[in-house]
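Colleague: Pasting in a structure now, in structure tokens, and then I'll have a few things to ask.
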Amino acid sequence: MKNFDESAPDFPEPDREQRSKAHVPRRVLLAAFILAATALILGVSGWILFHKARDRPELDLDPHFVVETTPRTRTYHWTVTKINASPVGVNKSMVVVNGKSPGPLIEANYHDRIIVHVKNGLVNAGTSIHWHGLYQNGTNYYDGTAGITQCDIPIGETLVYNFTLDGWSGTTWWHGHTGTQHTDGLFGPIVIHKPNETVPHYEEDRVLVLSDVYNTWSSDLLSEYLNSNPMETIAEPVPDAATINGVGQFTACDAFPDSFCDGGSYYNLTLKPNKTYRLRLINAGSFAPIRFSVDRHVLTVIEADGTPVVPIEVESVMLQAAQRYSVLLTTNQTPSAYWMRATIDDGMFAYINHHMNPETLGMVRYTTDSTAMPAADSRPGTERGTAAQDLNVHELVPADAVDAPSDISLAIPFTFSIQRTYLQNWRSFVNGTSWEILPHGQSTLVSSTARDASLGTRSLCSDQLIASVDGVKVLDFVINNLDDGDHPFHLHGYKPWIMGAGRGRYVGTYLNMTNPMRRDTFFVPRFTWMVIRIVTDTPGYWAFHCHIAWHMAAGGFFQLAVQPNMMADVTLPNDIVSQCQSWLS
């Protein structure tokens with residue numbers, strides 16, 4: 001990502017008449033002609049040959065990190081600000097931490113304590129940070145979900161998130177959970193180590209944060225999406241490109257004539273020959289599934305959403321929004337440079353964005369020749385030249401076998417749809433209710449919204465759909481996706497068993513109790529069902545929602561309140577309470 005000082009003046013540009021009269025030397029015209037011709041001949045690869053490869057050393061894991069069982073406290077100081085930057089070459093506004101997107105890496109061990117001082121340096125908005133997939137057992141108030149577990153951090157104030165990892169290990173991420181701030185760049189990686197993790201041997205690991213990118217401020221896109229009243233169908237905004245660790249390409253500069261645009265650059269990953277690397281892949285995007293591959297290399301999947309899995313060799317991996325995978329890459333080909341590809345899957349898009357760059361390239365380089373480039377005819381696939389094959393998620397089997405409990409206490413329906421309201425606008429619904437965030441200064445946890453509520457699912461405060469569960473129970477969520485689109489769902493605070501899935505609605509089909517897959521973000525295609533199972537042993541108010549940013553903002557939210565009466569008696573941290581009060585004063 002190319003950072004610009006937010007206090008710096010805009011790039012001076014002559015007006016159109018001045019530009020038309022400006023003298024252009026012949027050598028510049030000749031160079032431009034050669035550049036354009038080369039780009040046409042070589043395509044995107046040719047274009048980016050003229051751009052500098054970029055590293056992101058701040059996202060590198062610590063080579064001297066000690067993986068151990070002794071708990072330690074790790075402290076971070078972050079400031080959330082709005083800057084101008086160009087992740088794919090188009091200058092745009094972004095929301096970032098400490099001036100970067102992706103933001104700071106958190107690297108820790110599985111029993112460590114994490115303390116993050118988050119200062120809201122925005123000038124006109126609150127903010128919050130969610131720690132995706134982490135259990136937050138005993139610290140529900142630091143889950144970071146605005147309107148549910150906290151109020152937004154007020155402008156100029158600091159919230160100190162303080163929690164232990166409670167045995168969680170693997171690959172995950174943090175992101176903004178206020179409005180669509182994460183769409184504008186508010187996210188970063190988390191890597192949690194564990195001694196004797198049940199994965200094959202590897203020598204080093206690297207983090208690769210993938211994301212779709214919008215060159216337009218997300219609030220403007222969201223306003224258009226939520227107010228498309230005359231439309232007979234609703235179309236989620238389609239991204240313009242993708243990035244690998246905040247770096248990508250976008251060459252349709254004419255689509256944004258008022259913005260600086262240089263075509264972008266590519267991320268450079270320098271490795272060593274004949275070594276096995278663990279690539280920790282994270283889809284931090286807002287909408288698009290992203291397929292990851294490395295030309296002429298086999299990938300071995302060994303982890304999904306923090307669950308080690310029986311190794312599977314593949315040629316590519318599709319990551320839905322918010323999902324993570326670890327894959328092993330062995331640098332056993334001829335020492336050279338190879339393209340790694342982050343390819344946007346357009347199967348969920350309702351219209352064609354003719355300016356979109358569907359495939360972002362990065363470079364895997366293991367050669368002493370620092371100028372080496374991938375072969376001009378390089379294509380996705382292995383050294384055998386076969387077409388890339390995706391991971392089949394139904395083949396994932398946890399390496400640490402844990403059977404699901406067989407006797408359930410209750411089942412809760414979770415029926416998702418997108419409907420047109422009586423106001424003629426479009427909203428996402430769960431069980432017939434479209435969620436609206438509570439007004440500033442309120443959250444369901446702080447207000448104890450579900451206290452003394454009857455058990456079961458109720459719509460409280462008109463649009464807070466909350467399922468209240470008392471005590472430790474075995475609970476099934478029966479998800480029926482009635483929408484004609486696909487949805488990646490995420491349940492906060494838990495890592496559910498995936499008990500079964502199929503076409504149509506669930507009608508009591510057989511469920512797998514024997515070591516089902518466990519993950520916190522699960523993909524439910526259009527017009528299909530899925531049953532997930534949890535044991536309600538983590539008290540708190542937990543969000544359960546579609547992780548497509550536009551569907552979250554449009555109301556696709558549900559809350560699970562585990563032991564709400566007990567939570568009402570919990571003494572909340574002073575800053576959690578005082579920051580809610582700040583919005584009311």
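We name chains A, B, ... following the order of the structure tokens; residues begin at 1 in each chain, and ligands are numbered from 1 as shown.
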Can you list, as a ChimeraX atom specification, all residues belonging to range 83-213 of chain A that DSSP tags as strand (DSSP E or B)?
Modeller: /A:83-85,90,92-97,100,106-109,113-120,127,129-132,146,150,153,158-164,170-176,187-193,204-213
Colleague: Out of A:Trp217, A:Gly246, A:Tyr202, A:Gly126, which residue has the shortest atom-to-atom distance to Pro102 in chain A when counting only C-alpha atoms?
Modeller: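 Selected residue with least distance to Pro102 in chain A: A:Gly246.
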Colleague: Between CA of Leu279 in chain A and CA of Phe250 in chain A, what is the spacing in Å?
Modeller: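 Pair CA of Phe250 in chain A / CA of Leu279 in chain A returns 24.7 Å.
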Colleague: Could you please determine the separation between CA of Pro380 in chain A and CA of Met318 in chain A in Å, to one decimal place?
Modeller: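 We find that CA of Pro380 in chain A and CA of Met318 in chain A lie 13.8 Å from each other.
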Colleague: For Ser409 in chain A, which residue out of A:Ala304, A:Val474, A:Met530, A:Val577 is the nearest one, using only C-alpha atoms?
Modeller: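 For Ser409 in chain A, the nearest of the candidates is A:Val474.
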Colleague: May I ask which of the residues A:Val310, A:Ala554, A:Leu491, A:Ile408 is the closest one to Asn425 in chain A, counting only C-alpha atoms?
Modeller: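 Closest residue, counting only C-alpha atoms: A:Ala554.
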Colleague: To one decimal in Å, tell me the separation between CA of Val238 in chain A and CA of Asp184 in chain A.
Modeller: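 Separation between CA of Val238 in chain A and CA of Asp184 in chain A: 14.1 Å.
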Colleague: So, counting only C-alpha atoms, which residue among A:Thr528, A:Ser286, A:Gln579, A:Thr70 is closest to Ile344 in chain A?
Modeller: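 Among A:Thr528, A:Ser286, A:Gln579, A:Thr70, it is A:Ser286 that comes nearest to Ile344 in chain A.
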Colleague: Choose the residue, out of A:Arg341, A:Lys82, A:Arg503, A:His193, that has the smallest atom-to-atom separation from Leu210 in chain A; count only C-alpha atoms.
Modeller: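 Smallest distance to Leu210 in chain A is found for A:Arg341.
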Colleague: Using only C-alpha atoms, which protein or nucleic acid residues come within 12 Å of range 397-403 of chain A? Drop anything in the same chain fewer than 5 positions from it, and give the result as a ChimeraX atom specification.
Modeller: /A:196-200,301-312,392,496-499,511-519,533-534
Colleague: Would you kindly return, as a list in words, each protein, DNA or RNA residue with an atom no farther than 7 Å from any atom of range 361-376 of chain A, considering only C-alpha atoms and excluding same-chain residues fewer than 5 positions away?
Modeller: Ile244, Gly248, Tyr266, Tyr267, Asn268, Leu269, Thr270, Leu271, Lys272, Pro273, Pro335, Ser336, Ala337, Tyr338, Trp339, Met340, Arg341 and Ala342 of chain A
